[in-house]
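These notes concern the structure reproduced below.
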Amino acid sequence: MEIFHLSAECYPVAKVGGLADVVGALPKYLNQAGHKAKVVVPAYNNKFVQENEYETVHQGQLRLGRFVFSYSIAKEATGKLGFELYQIAIPELFDRPNVYSYEDDTERFLSFQIAFLNWLIETRQRPDILHCHDHHTALIPFMVQHCLNYEVLRLTPTILTIHNGQYQGWFGYDKLHYLPQFDLSKIGYLEWNGTINPLASGIKCAWKVTTVSPSYLDEISNRANGLENLLRWERPKSLGILNGIDTEVWNTKTDSLVVKNYSLKDFKKGKTANKAYLCEQFHLNPDLPLFTFIGRLVGEKGADLLPQICSVALHQNQGKINILILGSGDTGVELELSSLQNFYAGNYSAYIGYNEKLAHIIYAGADFLLMPSRIEPCGLNQMYALRYGTIPIVRRTGGLRDTVLDIGDGGFGICHNETSVSDVIHSISRAIQLFDQPKTFDAIRKYIQQIDHSWDKVATEYIDVYESLK
Ligand code: ADP
């Protein structure tokens, strides 16, 4: 089958979070299983685009209301990613360094979707499946079904995967005329709660809807930023498929970003070397348990509680633990986390920013990873941590519930029920007790590295979904 993946992010081309990791991995494994999966993302003005070679495969124009934009589509020349990568350049809209957070994001992602469909039409391509990811590409199912220009694609099956239902891409009726011509009686397929809602439209129009974990599918029927009733209604065509992780990228034996590689046989040595590096860089004591947090500093991740969690934990366990934070997001939280360094120097440090290499070294060198998330559609961090022998401390929600079982229940992680300071502090105390029992601690660290979350297994679940739509 020929499958097009449409997304705003794709690792290593452009990454903000887990969406990139999924879109950079699933197509590779679909190809290994004998299919032809291709990825289409915008051409941002970033390092990947500047440093790689492309060949232009198509040029055209698109209309957005009264604006006309020229676009060109270029294919990555070497095929080194394990799938064909196409990037759509629309200079006025995407010739910028960041993926999101511009005032004209509506115009940007709408143009991207229109350019993609125009390309298919103008070059007479008829793929077997269009797989859309999150709200940035969620208007494609509506457009192929209801826009006159794309009528020939009407029978092409569309799938929408929801990686994060909090962001829905809402825009007002004043921008409705940006969409290519459609029968106005179909407007209900675009609306939800008085606005145009791309994610809601994708949920209504896609042939199949998937979420990135089974528990998240259950949870969003009750809590989805206003889409609860719609998701309940569309439940019969919805399915939760737990994400995998790319075990070629996340491999302790070959990871070129860590300080020392390791295997199951010498993991203690390897983890100790990575931890020693971190402790030297951030002035921490390598003999103490190292707790860490990696991620976007936003409410969904429980990041607003991190400053208090850190100060209470460091105060209660004076000189007995280290905490290292890597993240960026809410500026108030960033400031609070930075300023804590003045009070707990020697036991606490924070790197505010995005740093892929440091993230890999932390997964390899830390002892425990904190994930006090309020909402976690799947969560990849806990799976990377497991694979690198770092014990996750998670709130039971979404994908965290599906992947981490508490030690007290015969499992391998530390779980709590609430995103609250007291629950996390209690979990940290349990972790310290575990660290003080080296035999059990090492046995768990060894066990978790062997848990299989590889994409080989998960890709077959997506293939079953594609087959069911043919
Ligand atoms: P989300 O997509 O909601 O941000 P996920 O757990 O699905 O969360 O994926 C997060 C991904 O982004 C992981 O690969 C994680 O290592 C990475 N990441 C998040 N923040 C940072 C950061 N500041 N520096 C490096 N990597 C980060």
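Ligands are numbered from 1 in the order shown, residues from 1 within each chain, and chains are lettered A, B, ... in the order they appear in the structure tokens.
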Between chain A and ligand 1, at 9 Å or less, what are the per-residue closest atom pairs and their distances in Å? Count only C-alpha atoms and all ligand atoms, order by chain and rising residue number, and return it as a tab-separated table.
residue	atom	partner	partner_atom_place_in_ligand_line	distance
A:Lys15	CA	ligand 1	12 (O)	7.5
A:Val16	CA	ligand 1	12 (O)	6.2
A:Gly17	CA	ligand 1	2 (O)	3.6
A:Gly18	CA	ligand 1	9 (O)	3.3
A:Leu19	CA	ligand 1	2 (O)	5.5
A:Ala20	CA	ligand 1	2 (O)	7.8
A:Asp21	CA	ligand 1	14 (O)	6.4
A:Val22	CA	ligand 1	7 (O)	8.5
A:His163	CA	ligand 1	2 (O)	7.5
A:Asn164	CA	ligand 1	3 (O)	7.2
A:Asn243	CA	ligand 1	7 (O)	9.0
A:Ile294	CA	ligand 1	20 (N)	5.4
A:Gly295	CA	ligand 1	20 (N)	3.4
A:Arg296	CA	ligand 1	20 (N)	4.9
A:Leu297	CA	ligand 1	20 (N)	8.1
A:Glu300	CA	ligand 1	3 (O)	8.1
A:Lys301	CA	ligand 1	3 (O)	7.7
A:Ile325	CA	ligand 1	23 (N)	8.8
A:Leu326	CA	ligand 1	23 (N)	5.1
A:Gly327	CA	ligand 1	23 (N)	3.6
A:Ser328	CA	ligand 1	23 (N)	5.4
A:Gly329	CA	ligand 1	23 (N)	8.6
A:Tyr351	CA	ligand 1	23 (N)	8.0
A:Ile352	CA	ligand 1	23 (N)	7.0
A:Gly353	CA	ligand 1	23 (N)	5.2
A:Tyr354	CA	ligand 1	23 (N)	3.6
A:Asn355	CA	ligand 1	24 (N)	4.0
A:Glu356	CA	ligand 1	25 (C)	4.1
A:Lys357	CA	ligand 1	25 (C)	7.2
A:Leu358	CA	ligand 1	25 (C)	6.8
A:Ala359	CA	ligand 1	25 (C)	4.9
A:His360	CA	ligand 1	16 (O)	7.3
A:Tyr363	CA	ligand 1	16 (O)	8.4
A:Ile375	CA	ligand 1	3 (O)	8.7
A:Glu376	CA	ligand 1	3 (O)	6.7
A:Pro377	CA	ligand 1	3 (O)	7.4
A:Cys378	CA	ligand 1	7 (O)	6.1
A:Gly379	CA	ligand 1	6 (O)	3.6
A:Leu380	CA	ligand 1	6 (O)	3.9
A:Asn381	CA	ligand 1	6 (O)	4.6
A:Gln382	CA	ligand 1	6 (O)	7.3
A:Met383	CA	ligand 1	6 (O)	8.6
A:Tyr384	CA	ligand 1	16 (O)	7.7
Task: Pick from A:Asp442, A:Gly60, A:Gly172, A:Pro42, whichever lies nearest to A:Lys269 using only C-alpha atoms - done: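 Checking each of A:Asp442, A:Gly60, A:Gly172, A:Pro42 against A:Lys269, counting only C-alpha atoms, the winner is A:Asp442.
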If you take only C-alpha atoms and a cut-off of 12 Å, which residues of stretch 339-426 of chain A touch stretch 451-460 of chain A, and what are their nearest atom pairs and distances in Å to one decimal, in chain and number order, as CSV?
residue,atom,partner,partner_atom,distance
A:Leu380,CA,A:His453,CA,10.1
A:Gln382,CA,A:His453,CA,10.9
A:Met383,CA,A:His453,CA,7.3
A:Tyr384,CA,A:His453,CA,9.4
A:Ala385,CA,A:Ile451,CA,11.1
A:Leu386,CA,A:Ile451,CA,7.5
A:Arg387,CA,A:Ile451,CA,7.2
A:Tyr388,CA,A:Ile451,CA,10.6
A:Gly389,CA,A:Ile451,CA,10.2
A:Asp402,CA,A:His453,CA,11.5
A:Thr403,CA,A:His453,CA,9.1
A:Val404,CA,A:Ile451,CA,10.6
A:Leu405,CA,A:Ile451,CA,11.9
A:Gly411,CA,A:Ile451,CA,11.6
A:Phe412,CA,A:Ile451,CA,10.3
Please produce a file of those selected residues containing C-alpha atoms, as a PDB file, in the first residue's frame.
ATOM      1  CA  LEU A 380       7.466   8.627  24.973  1.00  0.00           C
ATOM      2  CA  GLN A 382       8.880   6.942  30.059  1.00  0.00           C
ATOM      3  CA  MET A 383       9.530   4.437  27.271  1.00  0.00           C
ATOM      4  CA  TYR A 384      12.942   5.957  26.504  1.00  0.00           C
ATOM      5  CA  ALA A 385      13.696   5.933  30.232  1.00  0.00           C
ATOM      6  CA  LEU A 386      12.750   2.243  30.522  1.00  0.00           C
ATOM      7  CA  ARG A 387      14.910   1.344  27.548  1.00  0.00           C
ATOM      8  CA  TYR A 388      17.862   3.234  29.053  1.00  0.00           C
ATOM      9  CA  GLY A 389      17.441   1.643  32.507  1.00  0.00           C
ATOM     10  CA  ASP A 402      -0.655   1.665  29.820  1.00  0.00           C
ATOM     11  CA  THR A 403       3.133   1.412  30.050  1.00  0.00           C
ATOM     12  CA  VAL A 404       4.215   1.655  33.690  1.00  0.00           C
ATOM     13  CA  LEU A 405       3.194  -0.835  36.363  1.00  0.00           C
ATOM     14  CA  GLY A 411       5.770  -4.086  38.294  1.00  0.00           C
ATOM     15  CA  PHE A 412       8.857  -1.982  37.670  1.00  0.00           C
TER      16      PHE A 412
END
TODO: Could you tell me, as JSON, numbers by chain, which residues of stretch 169-319 of chain A DSSP assigns to helix (DSSP H, G or I) when given the backbone?
DONE: {"A": [173, 174, 175, 176, 177, 178, 184, 185, 186, 187, 188, 189, 198, 199, 200, 201, 202, 203, 204, 205, 214, 215, 216, 217, 218, 219, 220, 228, 229, 230, 231, 232, 233, 235, 236, 237, 267, 268, 269, 270, 271, 272, 273, 274, 275, 276, 277, 278, 279, 280, 281, 282, 299, 300, 301, 303, 304, 305, 306, 307, 308, 309, 310, 311, 312, 313, 314, 315, 316]}
Task: Shortest interatomic distance to A:Ile361 - which of A:Asn347, A:Ser429, A:Asn261, A:Asn274, counting only C-alpha atoms - done: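 Among the listed residues, the smallest separation from A:Ile361 belongs to A:Asn274.
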